[in-house]
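**Student:** Structure below; questions to follow.
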Amino acid sequence: MPIDTYAQDLMQLAAYAWEHPEPGFRETACSASQVAYLKKQGFAVTTDAARTKTGYVASWGSGKPVIAFLGEFDALWGLQQQADATVPMPLSGQAMGQGCGHHLLGVGAIGAGLLYRDYLFQNHLPGTVRIYGCPGEESGSGKAYMAREGLFDDCDAAITWHPSNFNMVVTGSTQSCIQCYFRFTGIPAHAAGAPHLGRSALDAVELMNVGVNYLREHMLPSDRVHYAITDPGGSAPNVVQARAEVRYFVRSATNPACEQLFERVQNIARGAALMTGTEVEIVFDEGLSNTVPNFTLEKVMDRAFRELGVPQYSDRERAYAKAFKDTVPLSDMLSDLPQAARDPERLTAAMEQEPLCDFYVETNHSDLCEMGSTDVGDVSWVTPTVTANLNCFSFGAGAHSWQWVAQGKSSIASKGMLRAGEIMARTARLLQEQPDLLAQARQELNTRLRGDRYRCPIPKGVWPHYFD
Ligand SMILES: [Zn+2]
């Protein structure tokens, strides 16, 4: 399954997404470019998937198995950067940049879908290929809406990838997360003349935060709670603040644990309102689920990695990567090794001596929950899911850095994206050839959920809101 046939098209689509960085749920240009291309390639495309405006589902073929390839395309605020520049050099006229490599991610998934489609077609095999254009990963949880609306319900497996500094099968879990606003309403008054008539919403915010900071002693180590005061109620100290608002992120290792922790945080907010004689409104913002790992699929993807190998680089590419690697202190990059790496010494030595990762990093299967969240988690509750990491950058700076934006149009990035497409397609092909693996993967998911089933952390009736 050579990807060469599509390489030029795919690189053009990725370059377009890099040049048109758009925020979550407003990826209008990127989504349109990909939808147009997939239609041209014979896919039936549904747009405005799960009422997300820019989300799409492209399908080809029929019957079982139904294999999903997950793509993303949103960018990050404040990360506009000149391509190839090895110092921070913001691009004028732009407010965002592809700091997480999602311009590669979405197009790599398209590459996988095309290759797998060709394999089914050429071999007259049954099966459905789905390419999901998933909006708003960085802020918004597009996949959670898509999962809530049942768009993955008939899938037999979901395969995705993420641009990385390493080549590996992703293992382990990520945190469930609930985000909301606590809006307190009090009574305004002259802070000196008639303070007894006032009820301070700002006091309520402060007392809530104090309460939550005491809660920390009694949370699990895998729990995280962070807040930002989004409205202090004004800038005049001599007016008792009648309104104030604080935004919270509540994270835990699993959805049920996160729900429990969120309930405790809500009770603290209610307590703060009671203490201050104010009222609190809890406004749900967004939520996403923990990732359920699937070792069965990890083994299949490991085989695909070994069969296809990882990208190799020319001297010119190595020199290019070295210039970026040199922008990050070695101690910083060594503090961020993949936890599941089977041979951390080899990795450390490579990071000390080499400009970039040109080998396959073997991992041990892991159930460990990494701190942080992704909406791939929501898909993983519904259908067995697996993720590849493909190197697209130099060693050094990680995700959400200007260095990733700067390297996003390089031949190193393209090689990673194209090989990701091949590895994902090969994974799908291995599953097609051995359907019992799909049954095993499903069985593993059922065992891990222990009778529980997916309940989207985003309540019904809450729809994506659009960020400026
Ligand atoms: Zn990302």
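All residue names refer to the structure tokens as shown: chains lettered A, B, ... in order, residues numbered from 1 in each chain, ligands numbered from 1 in order.
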Throw together the list of residues within 10 Å of ligand 1, counting only C-alpha atoms and all ligand atoms, and drop it here as a ChimeraX atom specification.
**Tutor:** /A:72-76,98-103,105,137-138,161-164,374,399-400
**Student:** Output N, CA, C and O atoms of each residue in that selection to a file, as an mmCIF file, in the first residue's frame.
**Tutor:**
data_model
loop_
_atom_site.group_PDB
_atom_site.id
_atom_site.type_symbol
_atom_site.label_atom_id
_atom_site.label_comp_id
_atom_site.auth_asym_id
_atom_site.auth_seq_id
_atom_site.Cartn_x
_atom_site.Cartn_y
_atom_site.Cartn_z
ATOM 1 N N GLU A 72 -7.872 15.559 13.424
ATOM 2 C CA GLU A 72 -8.168 16.852 14.079
ATOM 3 C C GLU A 72 -7.565 17.941 13.209
ATOM 4 O O GLU A 72 -6.721 17.657 12.356
ATOM 5 N N PHE A 73 -7.953 19.199 13.459
ATOM 6 C CA PHE A 73 -7.336 20.267 12.657
ATOM 7 C C PHE A 73 -7.246 21.614 13.351
ATOM 8 O O PHE A 73 -6.843 22.592 12.740
ATOM 9 N N ASP A 74 -7.621 21.705 14.628
ATOM 10 C CA ASP A 74 -7.631 23.043 15.248
ATOM 11 C C ASP A 74 -6.238 23.502 15.674
ATOM 12 O O ASP A 74 -5.337 22.702 15.908
ATOM 13 N N ALA A 75 -6.101 24.829 15.772
ATOM 14 C CA ALA A 75 -4.808 25.451 16.095
ATOM 15 C C ALA A 75 -4.862 26.093 17.481
ATOM 16 O O ALA A 75 -5.870 25.988 18.190
ATOM 17 N N LEU A 76 -3.766 26.731 17.857
ATOM 18 C CA LEU A 76 -3.644 27.313 19.203
ATOM 19 C C LEU A 76 -3.377 28.809 19.137
ATOM 20 O O LEU A 76 -2.547 29.265 18.343
ATOM 21 N N GLN A 98 -0.216 26.271 14.375
ATOM 22 C CA GLN A 98 -0.446 24.826 14.536
ATOM 23 C C GLN A 98 0.564 24.273 15.544
ATOM 24 O O GLN A 98 1.463 23.509 15.213
ATOM 25 N N GLY A 99 0.373 24.640 16.797
ATOM 26 C CA GLY A 99 1.338 24.294 17.843
ATOM 27 C C GLY A 99 1.236 22.872 18.343
ATOM 28 O O GLY A 99 2.089 22.426 19.109
ATOM 29 N N CYS A 100 0.187 22.150 17.935
ATOM 30 C CA CYS A 100 0.081 20.751 18.367
ATOM 31 C C CYS A 100 0.130 19.818 17.155
ATOM 32 O O CYS A 100 -0.169 18.634 17.255
ATOM 33 N N GLY A 101 0.460 20.368 16.000
ATOM 34 C CA GLY A 101 0.617 19.530 14.802
ATOM 35 C C GLY A 101 -0.689 18.971 14.264
ATOM 36 O O GLY A 101 -0.691 17.977 13.536
ATOM 37 N N HIS A 102 -1.818 19.619 14.577
ATOM 38 C CA HIS A 102 -3.092 19.053 14.122
ATOM 39 C C HIS A 102 -3.303 19.188 12.610
ATOM 40 O O HIS A 102 -4.143 18.502 12.046
ATOM 41 N N HIS A 103 -2.517 20.069 11.969
ATOM 42 C CA HIS A 103 -2.595 20.141 10.501
ATOM 43 C C HIS A 103 -2.070 18.847 9.892
ATOM 44 O O HIS A 103 -2.513 18.432 8.826
ATOM 45 N N LEU A 105 -2.097 15.914 11.802
ATOM 46 C CA LEU A 105 -2.942 14.859 12.386
ATOM 47 C C LEU A 105 -4.152 14.545 11.498
ATOM 48 O O LEU A 105 -4.414 13.394 11.144
ATOM 49 N N GLU A 137 -10.333 20.004 19.418
ATOM 50 C CA GLU A 137 -9.687 19.129 20.400
ATOM 51 C C GLU A 137 -9.074 19.962 21.516
ATOM 52 O O GLU A 137 -9.120 19.591 22.686
ATOM 53 N N GLU A 138 -8.471 21.088 21.142
ATOM 54 C CA GLU A 138 -7.729 21.872 22.141
ATOM 55 C C GLU A 138 -8.643 22.493 23.181
ATOM 56 O O GLU A 138 -8.285 22.604 24.333
ATOM 57 N N TRP A 161 -3.616 8.939 15.569
ATOM 58 C CA TRP A 161 -2.201 9.158 15.808
ATOM 59 C C TRP A 161 -2.029 10.574 16.309
ATOM 60 O O TRP A 161 -2.981 11.373 16.276
ATOM 61 N N HIS A 162 -0.846 10.882 16.768
ATOM 62 C CA HIS A 162 -0.524 12.261 17.098
ATOM 63 C C HIS A 162 0.919 12.538 16.719
ATOM 64 O O HIS A 162 1.796 11.727 16.996
ATOM 65 N N PRO A 163 1.190 13.690 16.063
ATOM 66 C CA PRO A 163 2.577 14.092 15.819
ATOM 67 C C PRO A 163 3.307 14.176 17.156
ATOM 68 O O PRO A 163 2.718 14.545 18.170
ATOM 69 N N SER A 164 4.607 13.835 17.118
ATOM 70 C CA SER A 164 5.329 13.658 18.374
ATOM 71 C C SER A 164 6.815 13.882 18.155
ATOM 72 O O SER A 164 7.270 14.122 17.033
ATOM 73 N N THR A 374 -7.536 14.169 26.810
ATOM 74 C CA THR A 374 -7.813 14.278 25.372
ATOM 75 C C THR A 374 -9.194 13.707 25.105
ATOM 76 O O THR A 374 -9.618 12.761 25.787
ATOM 77 N N ALA A 399 4.867 19.501 22.576
ATOM 78 C CA ALA A 399 3.620 20.058 22.045
ATOM 79 C C ALA A 399 3.373 21.468 22.567
ATOM 80 O O ALA A 399 3.820 21.829 23.651
ATOM 81 N N HIS A 400 2.674 22.240 21.800
ATOM 82 C CA HIS A 400 2.262 23.611 22.133
ATOM 83 C C HIS A 400 3.474 24.548 22.254
ATOM 84 O O HIS A 400 3.517 25.413 23.118
#
**Student:** Which parts of segment 33-236 of chain A does DSSP call helix (DSSP H, G or I) when run on the backbone here, written out as a ChimeraX atom specification?
**Tutor:** /A:33-40,49-51,102-122,142-148,195-197,201-218
**Student:** Which residues are close to segment 197-207 of chain A, i.e. within 8 Å by only C-alpha atoms, leaving aside same-chain residues fewer than 2 positions away? Reply as a ChimeraX atom specification.
**Tutor:** /A:184-191,194-195,209-211,229,232-233,240-246,269,272-273,275-278
**Student:** List the spatial neighbours of Val265 of chain A as a PyMOL selection string - criterion: any atom at most 12 Å away, only C-alpha atoms, same-chain residues fewer than 5 positions off excluded.
**Tutor:** chain A and resi 178-182+208-216+219+224-227+247-251+258-260+270-272+282
**Student:** Applying 8 Å and only C-alpha atoms, which residues near segment 430-437 of chain A remain after dropping the ones on its own chain fewer than 5 positions away? List them as a ChimeraX atom specification.
**Tutor:** /A:65,296-297,300,304
**Student:** I'd like to know which residues of segment 136-250 of chain A are strand (DSSP E) (by DSSP, run on the backbone); could you write them as a ChimeraX atom specification?
**Tutor:** /A:157-164,168-169,173-174,176-185,224-231,243-250
**Student:** Check the smallest atom-to-atom distance from each of A:Gln80, A:Gln12, A:Gln34, A:Thr28 to Ser92 of chain A using only C-alpha atoms, then report the winner.
**Tutor:**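 Among A:Gln80, A:Gln12, A:Gln34, A:Thr28, it is A:Gln80 that comes nearest to Ser92 of chain A.
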**Student:** Choose the residue, out of A:Pro293, A:Ala321, A:His20, A:Ala236, that has the smallest atom-to-atom separation from Ala406 of chain A; count only C-alpha atoms.
**Tutor:**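 Smallest separation from Ala406 of chain A among the options: A:Ala321.
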**Student:** Excluding Cys392 of chain A and any residue of its chain fewer than 3 positions from it, enumerate the residues within 12 Å of it, using only C-alpha atoms, and give them as an MDAnalysis selection string.
**Tutor:** chainID A and resid 100:105 108 161:167 310:313 317 321 356:358 389 395:399 403:420
**Student:** I'd like to know which of A:Thr363, A:Asn255, A:Gln41, A:Thr46 is closest to Val292 of chain A, using only C-alpha atoms.
**Tutor:**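 Ranking A:Thr363, A:Asn255, A:Gln41, A:Thr46 by distance to Val292 of chain A, first place goes to A:Asn255.
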**Student:** Provide the atom CA of Tyr119 of chain A to atom CA of Asp154 of chain A distance in Å, to one decimal place.
**Tutor:**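 Going from atom CA of Tyr119 of chain A over to atom CA of Asp154 of chain A, I get 21.2 Å.
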**Student:** Which one of A:Phe69, A:Trp381, A:Tyr454, A:Phe121 sits closest to Ser173 of chain A if you count only C-alpha atoms?
**Tutor:**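 Checking each of A:Phe69, A:Trp381, A:Tyr454, A:Phe121 against Ser173 of chain A, counting only C-alpha atoms, the winner is A:Trp381.
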